[in-house]
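Coordinates as given in target20.cif (mmCIF, C-alpha atoms):
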```cif
data_protein
#
loop_
_atom_site.group_PDB
_atom_site.id
_atom_site.type_symbol
_atom_site.label_atom_id
_atom_site.label_comp_id
_atom_site.auth_asym_id
_atom_site.auth_seq_id
_atom_site.Cartn_x
_atom_site.Cartn_y
_atom_site.Cartn_z
ATOM 1 C CA MET L 89 -2.383 14.164 -11.859
ATOM 2 C CA TYR L 90 -1.824 10.470 -11.019
ATOM 3 C CA GLN L 91 1.056 10.252 -13.508
ATOM 4 C CA LYS L 92 2.679 13.250 -11.834
ATOM 5 C CA ILE L 93 2.490 11.519 -8.446
ATOM 6 C CA LEU L 94 4.226 8.444 -9.908
ATOM 7 C CA THR L 95 7.253 10.535 -10.884
ATOM 8 C CA ASP L 96 7.460 12.692 -7.740
ATOM 9 C CA PRO L 97 10.381 11.574 -5.497
ATOM 10 C CA SER L 98 9.083 13.700 -2.597
ATOM 11 C CA PHE L 99 5.830 11.723 -2.505
ATOM 12 C CA PHE L 100 7.736 8.443 -2.291
ATOM 13 C CA SER L 101 9.963 9.852 0.454
ATOM 14 C CA LEU L 102 6.791 10.691 2.361
ATOM 15 C CA LEU L 103 5.621 7.099 2.004
ATOM 16 C CA PHE L 104 8.874 5.919 3.571
ATOM 17 C CA LYS L 105 8.394 8.274 6.536
ATOM 18 C CA TYR L 106 4.872 6.935 7.031
ATOM 19 C CA ASP L 107 6.220 3.385 7.005
ATOM 20 C CA GLN L 108 8.790 4.327 9.638
ATOM 21 C CA ASP L 109 6.009 5.715 11.822
ATOM 22 C CA LEU L 110 3.925 2.546 11.444
ATOM 23 C CA ALA L 111 6.964 0.382 12.151
ATOM 24 C CA GLU L 112 7.784 2.231 15.368
ATOM 25 C CA GLN L 113 4.230 1.874 16.627
ATOM 26 C CA ALA L 114 4.299 -1.850 15.851
ATOM 27 C CA ARG L 115 7.684 -2.320 17.552
ATOM 28 C CA LYS L 116 6.887 -0.600 20.853
ATOM 29 C CA PRO L 117 4.480 -3.218 22.282
ATOM 30 C CA GLY L 118 7.031 -5.949 21.584
ATOM 31 C CA CYS L 119 6.318 -9.542 20.648
ATOM 32 C CA PRO L 120 3.195 -11.292 22.060
ATOM 33 C CA CYS L 121 5.626 -13.502 24.009
ATOM 34 C CA ARG L 122 6.861 -10.284 25.706
ATOM 35 C CA GLY L 123 10.177 -10.469 23.900
ATOM 36 C CA VAL L 124 11.941 -7.425 22.408
ATOM 37 C CA LEU L 125 11.617 -6.892 18.670
ATOM 38 C CA HIS L 126 14.835 -6.258 16.729
ATOM 39 C CA ARG L 127 15.072 -4.889 13.179
ATOM 40 C CA ALA L 128 15.428 -7.597 10.551
ATOM 41 C CA ASP L 129 14.487 -5.929 7.270
ATOM 42 C CA TYR L 130 13.796 -7.744 4.021
ATOM 43 C CA PRO L 131 15.718 -6.702 0.888
ATOM 44 C CA ARG L 132 13.378 -5.546 -1.897
ATOM 45 C CA LYS L 133 13.789 -4.305 -5.453
ATOM 46 C CA PRO L 134 10.615 -2.293 -5.941
ATOM 47 C CA ARG L 135 9.508 -1.351 -9.434
ATOM 48 C CA GLY L 136 7.458 1.420 -10.926
ATOM 49 C CA GLY L 137 8.679 4.422 -8.927
ATOM 50 C CA PRO L 138 11.043 7.232 -9.952
ATOM 51 C CA GLU L 139 14.492 6.105 -11.047
ATOM 52 C CA ASP L 140 16.260 8.157 -8.374
ATOM 53 C CA LEU L 141 14.606 6.607 -5.310
ATOM 54 C CA ASP L 142 16.828 6.465 -2.226
ATOM 55 C CA ALA L 143 18.411 3.158 -1.224
ATOM 56 C CA GLU L 144 16.000 3.088 1.741
ATOM 57 C CA PHE L 145 13.325 1.897 -0.684
ATOM 58 C CA ASN L 146 15.250 -1.346 -1.165
ATOM 59 C CA LYS L 147 14.219 -2.524 2.296
ATOM 60 C CA ARG L 148 10.905 -3.657 3.727
ATOM 61 C CA ILE L 149 10.878 -2.825 7.437
ATOM 62 C CA SER L 150 10.430 -5.953 9.529
ATOM 63 C CA PHE L 151 11.222 -7.217 13.024
ATOM 64 C CA CYS L 152 12.230 -10.466 14.680
ATOM 65 C CA CYS L 153 11.669 -11.424 18.318
ATOM 66 C CA ALA L 154 14.921 -11.555 20.296
ATOM 67 C CA GLU L 155 13.562 -14.158 22.715
ATOM 68 C CA GLU L 156 15.264 -17.541 22.357
ATOM 69 C CA GLY L 157 12.666 -20.144 21.476
ATOM 70 C CA CYS L 158 10.374 -17.597 19.830
ATOM 71 C CA ARG L 159 12.139 -15.640 17.093
ATOM 72 C CA LYS L 160 8.809 -14.893 15.441
ATOM 73 C CA ARG L 161 8.657 -12.405 12.610
ATOM 74 C CA MET L 162 6.510 -9.291 12.783
ATOM 75 C CA THR L 163 6.229 -7.189 9.646
ATOM 76 C CA PRO L 164 4.235 -3.985 10.200
ATOM 77 C CA PRO L 165 1.723 -2.555 7.719
ATOM 78 C CA SER L 166 3.197 -0.568 4.857
ATOM 79 C CA LEU L 167 2.072 2.224 2.558
ATOM 80 C CA ARG L 168 4.806 1.276 0.094
ATOM 81 C CA PHE L 169 4.493 -2.465 -0.440
ATOM 82 C CA LEU L 170 1.443 -4.565 -1.276
ATOM 83 C CA GLY L 171 2.466 -7.911 0.132
ATOM 84 C CA ARG L 172 5.189 -9.542 -1.952
ATOM 85 C CA ARG L 173 4.372 -7.751 -5.185
ATOM 86 C CA VAL L 174 7.452 -6.314 -6.843
ATOM 87 C CA TYR L 175 5.618 -3.156 -7.936
ATOM 88 C CA LEU L 176 4.998 -0.519 -5.292
ATOM 89 C CA MET L 177 1.485 -0.308 -3.873
ATOM 90 C CA VAL L 178 0.835 3.198 -5.158
ATOM 91 C CA VAL L 179 1.816 2.047 -8.657
ATOM 92 C CA VAL L 180 -0.585 -0.908 -8.576
ATOM 93 C CA VAL L 181 -3.401 1.327 -7.308
ATOM 94 C CA LEU L 182 -2.937 4.334 -9.574
ATOM 95 C CA VAL L 183 -2.005 2.498 -12.753
ATOM 96 C CA SER L 184 -4.928 0.092 -12.327
ATOM 97 C CA ALA L 185 -7.240 3.093 -12.015
ATOM 98 C CA MET L 186 -5.711 4.825 -15.039
ATOM 99 C CA CYS L 187 -6.127 1.671 -17.152
ATOM 100 C CA GLN L 188 -9.907 1.777 -16.830
ATOM 101 C CA GLY L 189 -11.535 2.832 -20.091
ATOM 102 C CA ILE L 190 -8.386 4.015 -21.886
ATOM 103 C CA THR L 191 -7.336 3.417 -25.493
ATOM 104 C CA ALA L 192 -4.846 0.747 -26.527
ATOM 105 C CA LYS L 193 -2.347 3.476 -27.480
ATOM 106 C CA ARG L 194 -2.507 5.100 -24.047
ATOM 107 C CA MET L 195 -2.301 1.688 -22.385
ATOM 108 C CA LYS L 196 0.921 1.042 -24.297
ATOM 109 C CA LEU L 197 2.406 4.372 -23.181
ATOM 110 C CA LEU L 198 1.443 3.697 -19.555
ATOM 111 C CA SER L 199 2.970 0.236 -19.749
ATOM 112 C CA GLU L 200 6.238 1.672 -21.045
ATOM 113 C CA GLN L 201 6.319 4.372 -18.369
ATOM 114 C CA ILE L 202 6.319 1.953 -15.446
ATOM 115 C CA GLY L 203 8.092 -0.933 -17.166
ATOM 116 C CA ALA L 204 5.204 -3.407 -16.904
ATOM 117 C CA CYS L 205 3.885 -5.458 -19.819
ATOM 118 C CA ARG L 206 0.233 -5.407 -20.865
ATOM 119 C CA ARG L 207 -0.263 -8.861 -19.367
ATOM 120 C CA THR L 208 0.834 -7.561 -15.943
ATOM 121 C CA LEU L 209 -1.611 -4.649 -16.136
ATOM 122 C CA ASP L 210 -4.397 -7.053 -17.089
ATOM 123 C CA ARG L 211 -3.526 -9.241 -14.083
ATOM 124 C CA TRP L 212 -3.824 -6.234 -11.790
ATOM 125 C CA GLN L 213 -7.270 -5.470 -13.206
ATOM 126 C CA GLY L 214 -8.316 -9.061 -12.613
ATOM 127 C CA TRP L 215 -7.015 -8.980 -9.052
ATOM 128 C CA TRP L 216 -9.200 -5.969 -8.174
ATOM 129 C CA ARG L 217 -12.292 -7.503 -9.798
ATOM 130 C CA GLU L 218 -11.887 -10.993 -8.367
ATOM 131 C CA ALA L 219 -9.397 -11.601 -5.531
ATOM 132 C CA PHE L 220 -9.752 -8.203 -3.841
ATOM 133 C CA SER L 221 -13.523 -7.815 -4.226
ATOM 134 C CA GLU L 222 -14.041 -11.316 -2.759
ATOM 135 C CA SER L 223 -11.471 -10.957 0.026
ATOM 136 C CA PRO L 224 -12.488 -11.000 3.729
ATOM 137 C CA PHE L 225 -10.828 -7.580 4.055
ATOM 138 C CA TRP L 226 -13.093 -5.965 1.467
ATOM 139 C CA LYS L 227 -16.231 -7.781 2.597
ATOM 140 C CA LYS L 228 -15.631 -6.442 6.097
ATOM 141 C CA SER L 229 -14.599 -2.936 5.029
ATOM 142 C CA ARG L 230 -17.081 -2.083 2.274
ATOM 143 C CA GLY L 231 -19.911 -1.603 4.754
ATOM 144 C CA ARG L 232 -18.127 1.518 6.035
ATOM 145 C CA PHE L 233 -18.888 3.339 2.792
ATOM 146 C CA SER L 234 -22.180 5.033 2.084
ATOM 147 C CA PRO L 235 -23.221 5.066 -0.686
ATOM 148 C CA PRO L 236 -21.529 1.764 -1.524
ATOM 149 C CA ILE L 237 -18.298 1.660 -3.530
ATOM 150 C CA LEU L 238 -18.804 0.375 -7.091
ATOM 151 C CA THR L 239 -16.900 -2.917 -7.027
ATOM 152 C CA ASP L 240 -16.704 -3.263 -10.808
ATOM 153 C CA ARG L 241 -14.813 0.054 -10.974
ATOM 154 C CA LEU L 242 -12.170 -0.687 -8.330
ATOM 155 C CA PRO L 243 -9.724 0.847 -7.591
ATOM 156 C CA GLY L 244 -10.895 3.980 -9.404
ATOM 157 C CA SER L 245 -14.116 4.144 -7.400
ATOM 158 C CA LEU L 246 -12.111 3.874 -4.169
ATOM 159 C CA LEU L 247 -9.815 6.729 -5.175
ATOM 160 C CA GLU L 248 -12.795 8.885 -6.104
ATOM 161 C CA ARG L 249 -14.352 8.337 -2.683
ATOM 162 C CA PHE L 250 -11.218 9.360 -0.777
ATOM 163 C CA ASN L 251 -10.110 12.175 -3.050
ATOM 164 C CA GLY L 252 -10.846 15.769 -2.136
ATOM 165 C CA ALA L 253 -9.201 19.066 -2.919
ATOM 166 C CA ASP L 254 -5.786 17.547 -2.184
ATOM 167 C CA THR L 255 -5.184 14.618 -4.547
ATOM 168 C CA SER L 256 -1.985 13.543 -2.781
ATOM 169 C CA MET L 257 -3.776 13.295 0.552
ATOM 170 C CA GLY L 258 -6.573 11.305 -1.055
ATOM 171 C CA ILE L 259 -4.049 8.803 -2.396
ATOM 172 C CA LEU L 260 -2.404 8.531 1.032
ATOM 173 C CA LYS L 261 -5.810 7.790 2.553
ATOM 174 C CA VAL L 262 -6.350 4.962 0.071
ATOM 175 C CA LEU L 263 -2.908 3.501 0.781
ATOM 176 C CA ALA L 264 -3.536 3.703 4.531
ATOM 177 C CA PHE L 265 -6.895 1.996 4.014
ATOM 178 C CA LEU L 266 -5.271 -0.832 2.032
ATOM 179 C CA SER L 267 -2.190 -1.190 4.264
ATOM 180 C CA PRO L 268 -3.582 -4.112 6.341
ATOM 181 C CA LEU L 269 -3.267 -6.150 3.121
ATOM 182 C CA SER L 270 0.478 -5.509 3.125
ATOM 183 C CA THR L 271 1.257 -7.922 5.963
ATOM 184 C CA ALA L 272 0.121 -11.224 7.418
ATOM 185 C CA THR L 273 2.365 -11.205 10.499
ATOM 186 C CA CYS L 274 1.337 -8.049 12.344
ATOM 187 C CA PRO L 275 -0.793 -8.755 15.455
ATOM 188 C CA GLY L 276 -4.411 -7.613 15.222
ATOM 189 C CA LYS L 277 -3.957 -5.148 18.080
ATOM 190 C CA ASN L 278 -1.849 -3.017 15.766
ATOM 191 C CA GLN L 279 -4.968 -2.100 13.792
ATOM 192 C CA ASP L 280 -5.675 0.386 16.571
ATOM 193 C CA SER L 281 -2.170 1.768 16.099
ATOM 194 C CA LEU L 282 -2.867 2.064 12.382
ATOM 195 C CA ARG L 283 -5.947 4.148 13.060
ATOM 196 C CA GLU L 284 -4.052 6.379 15.527
ATOM 197 C CA PHE L 285 -1.330 6.836 12.926
ATOM 198 C CA SER L 286 -3.915 7.737 10.278
ATOM 199 C CA ILE L 287 -5.525 10.347 12.514
ATOM 200 C CA ARG L 288 -2.180 11.982 13.358
ATOM 201 C CA ARG L 289 -1.167 12.053 9.700
ATOM 202 C CA GLY L 290 -4.504 13.416 8.522
ATOM 203 C CA CYS L 291 -5.356 10.150 6.729
ATOM 204 C CA VAL L 292 -8.459 9.341 8.774
ATOM 205 C CA LEU L 293 -10.107 6.224 7.378
ATOM 206 C CA GLN L 294 -13.630 7.152 6.394
#
```

Same coordinates, now as structure tokens:
Amino acid sequence: MYQKILTDPSFFSLLFKYDQDLAEQARKPGCPCRGVLHRADYPRKPRGGPEDLDAEFNKRISFCCAEEGCRKRMTPPSLRFLGRRVYLMVVVVLVSAMCQGITAKRMKLLSEQIGACRRTLDRWQGWWREAFSESPFWKKSRGRFSPPILTDRLPGSLLERFNGADTSMGILKVLAFLSPLSTATCPGKNQDSLREFSIRRGCVLQ
């Protein structure tokens, strides 16, 4: 099922619509200096998705304050990008989960499918076990889960917790949960906007 998601253009188009929604909510309040925020997107060349992705995926939505003397950047949370990683967030999450406990032959096939070498996949596994599991974000968030999420099985254990009858919706919930990691320049007040967005979209963070 996860491999099917990774080749479904309609799922990736949905991610872009979600990012537009998050961006609009982040833009409305304006800059903390009370200045107006103008679009100033970053060019990106994301990897791992379907070959026929629209050109819209080559941009990371971002804003810049129009006020002279401020000009601060504000990049809203994203369900597509995980920080500056070149591979899309959903690819990092799903492929990392699929790598757990698989044979070397299947690992090779998975690597070829997304165009990532074995070393890259191993780095992703290490990131979940070490950097993510020790991050302030996870230490603060893991208490919301009962029973606790098995850290040594991340991100598979996280996907299992969010998944229900609708696998696509479960994946969207995980991406929404992880989206605060996608930016370091969005004001903290926009976390409330993220929750409102999640509720409207049916991706309520559990």

Quote the spacing between CA of Arg206 (chain L) and CA of Arg173 (chain L) in Å to one decimal place.
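Pair CA of Arg206 (chain L) / CA of Arg173 (chain L) returns 16.4 Å.
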
Can you pull out every residue within 9 Å of Gly137 (chain L), counting only C-alpha atoms, but drop anything in the same chain fewer than 5 positions away, and send it as a ChimeraX atom specification?
/L:94-97,100,175-176,178-179,202

Prev. selection, C-alpha atoms, output as a PDB file, keeping the file's coordinate frame:
```
ATOM      1  CA  LEU L  94       4.226   8.444  -9.908  1.00  0.00           C
ATOM      2  CA  THR L  95       7.253  10.535 -10.884  1.00  0.00           C
ATOM      3  CA  ASP L  96       7.460  12.692  -7.740  1.00  0.00           C
ATOM      4  CA  PRO L  97      10.381  11.574  -5.497  1.00  0.00           C
ATOM      5  CA  PHE L 100       7.736   8.443  -2.291  1.00  0.00           C
ATOM      6  CA  TYR L 175       5.618  -3.156  -7.936  1.00  0.00           C
ATOM      7  CA  LEU L 176       4.998  -0.519  -5.292  1.00  0.00           C
ATOM      8  CA  VAL L 178       0.835   3.198  -5.158  1.00  0.00           C
ATOM      9  CA  VAL L 179       1.816   2.047  -8.657  1.00  0.00           C
ATOM     10  CA  ILE L 202       6.319   1.953 -15.446  1.00  0.00           C
TER      11      ILE L 202
END
```

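Residue nearest Val174 (chain L) within the list L:Arg132, L:Lys261, L:Arg217, L:Arg115: L:Arg132 [criterion: smallest interatomic distance, all atoms listed in the file].
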
Have a look at L:Arg135, L:Arg241, L:Val183, L:Trp215 and name the one nearest to Met89 (chain L); count only C-alpha atoms.
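Among the listed residues, L:Val183 lies closest to Met89 (chain L).
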
Let me make sure I understand: among L:Ser184, L:Glu112, L:His126, L:Phe145, which one has the smallest atom-to-atom distance to Gly244 (chain L) if we use only C-alpha atoms?
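With only C-alpha atoms as the atom set, the closest residue is L:Ser184.
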